[in-house]
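Working notes, beginning with the structure itself.
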Amino acid sequence: MNQHILIVEDEEKLASLLGDYLKQAGFESSRLEDGLAVLPFVRQRMPDLILLDLMLPGRDGLEICKEIRGFSEVPIIMITARVEEIDRLLGLELGADDYICKPFSPREVVARVKSVLRRTGEHQAPVTGGLSLDPERYQALLHGQDLELTAVEFKLLHFLFQNPGRIYSRTQLMDRIYSDQRIVSDRTIDSHIKKLRKKLSAVAPDQELIHSIYGVGYKFEAP
Ligand code: CA
């Protein structure tokens, strides 16, 4: 089955041009022009990648991107009209996988789509470090041994595990773990991570799966 790209763009000509190029490259594509339609579509159809324009009627691309990241790791390429904006977007830690500035050549967009899909696809190739996770039961096994994690520890591990190699700040982790937005401090995440690592190393003392990046945050990486 062809990979399905969602184009969220209100400029009709541009969107249909992108659609044509993607089709030539062997992708299937859908198009939405209203920001309000994006989330329902993504939840229902689960596209393989989203090209997301920043300026949209209905809702802006920033909010949409953040909200998608609340439930999905689908690759997102943000499209902006101003190159200066990319710096600001990076600073917001939206979790987008790439940024493209208008005007662009459709050929370039197709190349970036392919490269993001390749990169994120590699991440999905499981380098598990002997870990197996069952999100329904909140159960984590390391080399067959139950780690007996708390719900928060499980969520942290599961989230990092799904995005190996990617570094997350404490704030990003808090946003993912505490859906009710209550106030928790950075230290809370640190202490959960600390306990989690202790449980991991009790089973496999020589194996480091959760790495802390000094001053930045944490990532999952299996050797
Ligand atoms: Ca636009």
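By convention here, the chains of the structure tokens are called A, B, ... in the order presented, each chain's residues are numbered starting at 1, and ligands are numbered starting at 1 in the order presented.
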Write as number ranges by chain the residues around ligand 1, taking 7 Å as the cut-off and counting only C-alpha atoms and all ligand atoms. A: 9-11, 53-56
Would you mind exporting the chosen residues as an mmCIF file, in the first residue's frame, restricted to N, CA and C atoms?
data_model
loop_
_atom_site.group_PDB
_atom_site.id
_atom_site.type_symbol
_atom_site.label_atom_id
_atom_site.label_comp_id
_atom_site.auth_asym_id
_atom_site.auth_seq_id
_atom_site.Cartn_x
_atom_site.Cartn_y
_atom_site.Cartn_z
ATOM 1 N N GLU A 9 -2.977 22.692 3.780
ATOM 2 C CA GLU A 9 -2.551 23.913 3.075
ATOM 3 C C GLU A 9 -3.779 24.569 2.479
ATOM 4 N N ASP A 10 -3.944 25.874 2.749
ATOM 5 C CA ASP A 10 -5.133 26.549 2.241
ATOM 6 C C ASP A 10 -4.933 27.197 0.878
ATOM 7 N N GLU A 11 -3.683 27.234 0.396
ATOM 8 C CA GLU A 11 -3.489 27.749 -0.963
ATOM 9 C C GLU A 11 -3.706 26.596 -1.931
ATOM 10 N N ASP A 53 1.023 23.475 6.988
ATOM 11 C CA ASP A 53 1.258 24.904 6.830
ATOM 12 C C ASP A 53 1.002 25.614 8.159
ATOM 13 N N LEU A 54 1.813 26.631 8.417
ATOM 14 C CA LEU A 54 1.680 27.337 9.693
ATOM 15 C C LEU A 54 0.433 28.233 9.727
ATOM 16 N N MET A 55 0.224 28.954 8.639
ATOM 17 C CA MET A 55 -0.898 29.908 8.586
ATOM 18 C C MET A 55 -2.095 29.257 7.914
ATOM 19 N N LEU A 56 -3.116 29.031 8.714
ATOM 20 C CA LEU A 56 -4.291 28.344 8.186
ATOM 21 C C LEU A 56 -5.563 29.025 8.673
#
Near region 205-218 of chain A, within 7 Å and counting only C-alpha atoms, which residues show up once chain neighbours fewer than 6 positions away are dropped, as a PDB file with N, CA, C and O atoms, in the first residue's frame?
ATOM      1  N   ILE A 167      15.981  13.312  21.879  1.00  0.00           N
ATOM      2  CA  ILE A 167      16.160  13.899  23.201  1.00  0.00           C
ATOM      3  C   ILE A 167      14.929  14.723  23.567  1.00  0.00           C
ATOM      4  O   ILE A 167      14.456  15.529  22.768  1.00  0.00           O
ATOM      5  N   TYR A 168      14.442  14.521  24.781  1.00  0.00           N
ATOM      6  CA  TYR A 168      13.305  15.293  25.265  1.00  0.00           C
ATOM      7  C   TYR A 168      13.684  16.082  26.504  1.00  0.00           C
ATOM      8  O   TYR A 168      14.341  15.551  27.401  1.00  0.00           O
ATOM      9  N   SER A 169      13.227  17.329  26.530  1.00  0.00           N
ATOM     10  CA  SER A 169      13.472  18.140  27.723  1.00  0.00           C
ATOM     11  C   SER A 169      12.516  17.683  28.827  1.00  0.00           C
ATOM     12  O   SER A 169      11.517  17.012  28.570  1.00  0.00           O
ATOM     13  N   ARG A 170      12.805  18.080  30.033  1.00  0.00           N
ATOM     14  CA  ARG A 170      11.930  17.727  31.163  1.00  0.00           C
ATOM     15  C   ARG A 170      10.514  18.245  30.939  1.00  0.00           C
ATOM     16  O   ARG A 170       9.540  17.573  31.238  1.00  0.00           O
ATOM     17  N   ARG A 197      15.513   4.248  36.272  1.00  0.00           N
ATOM     18  CA  ARG A 197      16.842   3.744  35.927  1.00  0.00           C
ATOM     19  C   ARG A 197      17.329   2.737  36.951  1.00  0.00           C
ATOM     20  O   ARG A 197      18.016   1.773  36.611  1.00  0.00           O
TER      21      ARG A 197
END
I'd like the contact shell of Leu156 (chain A) - 8 Å cut-off, only C-alpha atoms, skipping same-chain residues fewer than 4 positions apart - returned as a list in words.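 In the requested format, the answer is Val152, Leu160, Leu173, Ile177 and Ile193 of chain A.
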Name the residues in contact with Gly121 (chain A) at a cut-off of 12 Å, using only C-alpha atoms, excluding same-chain residues fewer than 4 positions from it; report them as a CSV table (one decimal) with N, CA and C atoms, in the first residue's frame.
chain,number,residue,atom,x,y,z
A,3,GLN,N,2.2,4.9,0.8
A,3,GLN,CA,2.2,5.7,2.0
A,3,GLN,C,1.3,7.0,1.8
A,48,ASP,N,0.7,8.7,7.1
A,48,ASP,CA,2.1,8.4,7.4
A,48,ASP,C,3.0,9.6,7.6
A,49,LEU,N,2.5,10.7,7.1
A,49,LEU,CA,3.3,12.0,7.3
A,49,LEU,C,2.3,13.1,7.0
A,73,GLU,N,3.0,10.2,17.1
A,73,GLU,CA,4.3,10.5,16.7
A,73,GLU,C,4.5,10.5,15.2
A,74,VAL,N,3.3,10.7,14.5
A,74,VAL,CA,3.4,10.8,13.0
A,74,VAL,C,4.3,11.9,12.6
A,75,PRO,N,5.2,11.6,11.6
A,75,PRO,CA,6.1,12.6,11.2
A,75,PRO,C,5.4,13.9,10.7
A,113,VAL,N,10.2,14.8,2.3
A,113,VAL,CA,9.2,13.9,2.7
A,113,VAL,C,9.9,12.5,2.8
A,114,LYS,N,10.6,12.1,1.7
A,114,LYS,CA,11.3,10.8,1.7
A,114,LYS,C,12.3,10.7,2.8
A,115,SER,N,13.0,11.8,3.0
A,115,SER,CA,14.1,11.7,4.0
A,115,SER,C,13.6,11.6,5.4
A,116,VAL,N,12.5,12.3,5.7
A,116,VAL,CA,11.9,12.2,7.0
A,116,VAL,C,11.3,10.8,7.2
A,117,LEU,N,10.7,10.3,6.2
A,117,LEU,CA,10.1,9.0,6.4
A,117,LEU,C,11.2,7.9,6.6
A,125,ALA,N,12.5,0.7,13.6
A,125,ALA,CA,13.1,-0.6,13.6
A,125,ALA,C,13.6,-0.8,15.0
A,126,PRO,N,13.0,-1.9,15.6
A,126,PRO,CA,13.2,-2.0,17.0
A,126,PRO,C,14.6,-2.4,17.5
A,162,GLN,N,9.5,4.7,22.5
A,162,GLN,CA,8.9,4.8,21.2
A,162,GLN,C,9.6,5.7,20.3
A,163,ASN,N,10.5,6.6,20.9
A,163,ASN,CA,11.2,7.6,20.1
A,163,ASN,C,12.7,7.5,20.4
A,164,PRO,N,13.3,6.3,20.1
A,164,PRO,CA,14.7,6.1,20.5
A,164,PRO,C,15.6,7.1,19.8
Among the residues of region 54-190 of chain A, find those DSSP assigns to strand (DSSP E) from the backbone and print them as a list in words. Ile76, Ile77, Met78, Ile79, Thr80, Asp98, Tyr99, Ile100, Cys101, Leu131, Ser132, Leu133, Asp134, Gln139, Ala140, Leu141, Leu142, Gln145, Asp146, Tyr168 and Ser169 of chain A
Per DSSP on the backbone, filter region 26-212 of chain A down to the residues in alpha helix (DSSP H) and report them as a PyMOL selection string. chain A and resi 38-45+61-69+84-91+106-124+151-162+170-177+186-203
Of the listed residues A:Lys195, A:Ile86, A:Thr128, A:Arg176, that which approaches Thr150 (chain A) most closely, counting only C-alpha atoms: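 Smallest separation from Thr150 (chain A) among the options: A:Lys195.
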Distance query Leu6 (chain A) at most 8 Å, only C-alpha atoms, self and fewer than 6 positions along chain excluded, as a PyMOL selection string: chain A and resi 29-32+47-51
Could those selected residues go to a file with N, CA, C and O atoms, as a PDB file, in the first residue's frame?
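Output contents, as saved in again07.pdb:
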ATOM      1  N   SER A  29      -2.077  11.003  -1.468  1.00  0.00           N
ATOM      2  CA  SER A  29      -2.186  12.179  -0.606  1.00  0.00           C
ATOM      3  C   SER A  29      -3.622  12.618  -0.415  1.00  0.00           C
ATOM      4  O   SER A  29      -4.490  12.335  -1.230  1.00  0.00           O
ATOM      5  N   SER A  30      -3.867  13.270   0.713  1.00  0.00           N
ATOM      6  CA  SER A  30      -5.155  13.899   0.974  1.00  0.00           C
ATOM      7  C   SER A  30      -4.872  15.352   1.274  1.00  0.00           C
ATOM      8  O   SER A  30      -3.772  15.701   1.679  1.00  0.00           O
ATOM      9  N   ARG A  31      -5.894  16.176   1.108  1.00  0.00           N
ATOM     10  CA  ARG A  31      -5.670  17.584   1.363  1.00  0.00           C
ATOM     11  C   ARG A  31      -6.750  18.173   2.261  1.00  0.00           C
ATOM     12  O   ARG A  31      -7.925  17.878   2.079  1.00  0.00           O
ATOM     13  N   LEU A  32      -6.326  18.969   3.217  1.00  0.00           N
ATOM     14  CA  LEU A  32      -7.266  19.714   4.048  1.00  0.00           C
ATOM     15  C   LEU A  32      -6.852  21.171   4.006  1.00  0.00           C
ATOM     16  O   LEU A  32      -5.660  21.477   3.981  1.00  0.00           O
ATOM     17  N   PRO A  47      -2.471   9.231   8.870  1.00  0.00           N
ATOM     18  CA  PRO A  47      -1.576   9.354   7.714  1.00  0.00           C
ATOM     19  C   PRO A  47      -0.136   8.991   8.098  1.00  0.00           C
ATOM     20  O   PRO A  47       0.193   8.932   9.280  1.00  0.00           O
ATOM     21  N   ASP A  48       0.697   8.735   7.084  1.00  0.00           N
ATOM     22  CA  ASP A  48       2.089   8.354   7.363  1.00  0.00           C
ATOM     23  C   ASP A  48       2.971   9.578   7.593  1.00  0.00           C
ATOM     24  O   ASP A  48       4.052   9.471   8.173  1.00  0.00           O
ATOM     25  N   LEU A  49       2.521  10.725   7.082  1.00  0.00           N
ATOM     26  CA  LEU A  49       3.281  11.963   7.280  1.00  0.00           C
ATOM     27  C   LEU A  49       2.340  13.138   7.038  1.00  0.00           C
ATOM     28  O   LEU A  49       1.403  13.039   6.248  1.00  0.00           O
ATOM     29  N   ILE A  50       2.609  14.247   7.729  1.00  0.00           N
ATOM     30  CA  ILE A  50       1.771  15.440   7.549  1.00  0.00           C
ATOM     31  C   ILE A  50       2.634  16.626   7.111  1.00  0.00           C
ATOM     32  O   ILE A  50       3.651  16.919   7.736  1.00  0.00           O
ATOM     33  N   LEU A  51       2.225  17.247   6.022  1.00  0.00           N
ATOM     34  CA  LEU A  51       2.823  18.526   5.614  1.00  0.00           C
ATOM     35  C   LEU A  51       1.895  19.597   6.153  1.00  0.00           C
ATOM     36  O   LEU A  51       0.724  19.679   5.744  1.00  0.00           O
TER      37      LEU A  51
END
Which residues, written as a list of chain:residue names, have at least one atom at most 7 Å from Asp98 (chain A), with only C-alpha atoms counted and residues fewer than 6 positions away on the same chain left out? A:Ile76, A:Ile77, A:Met78
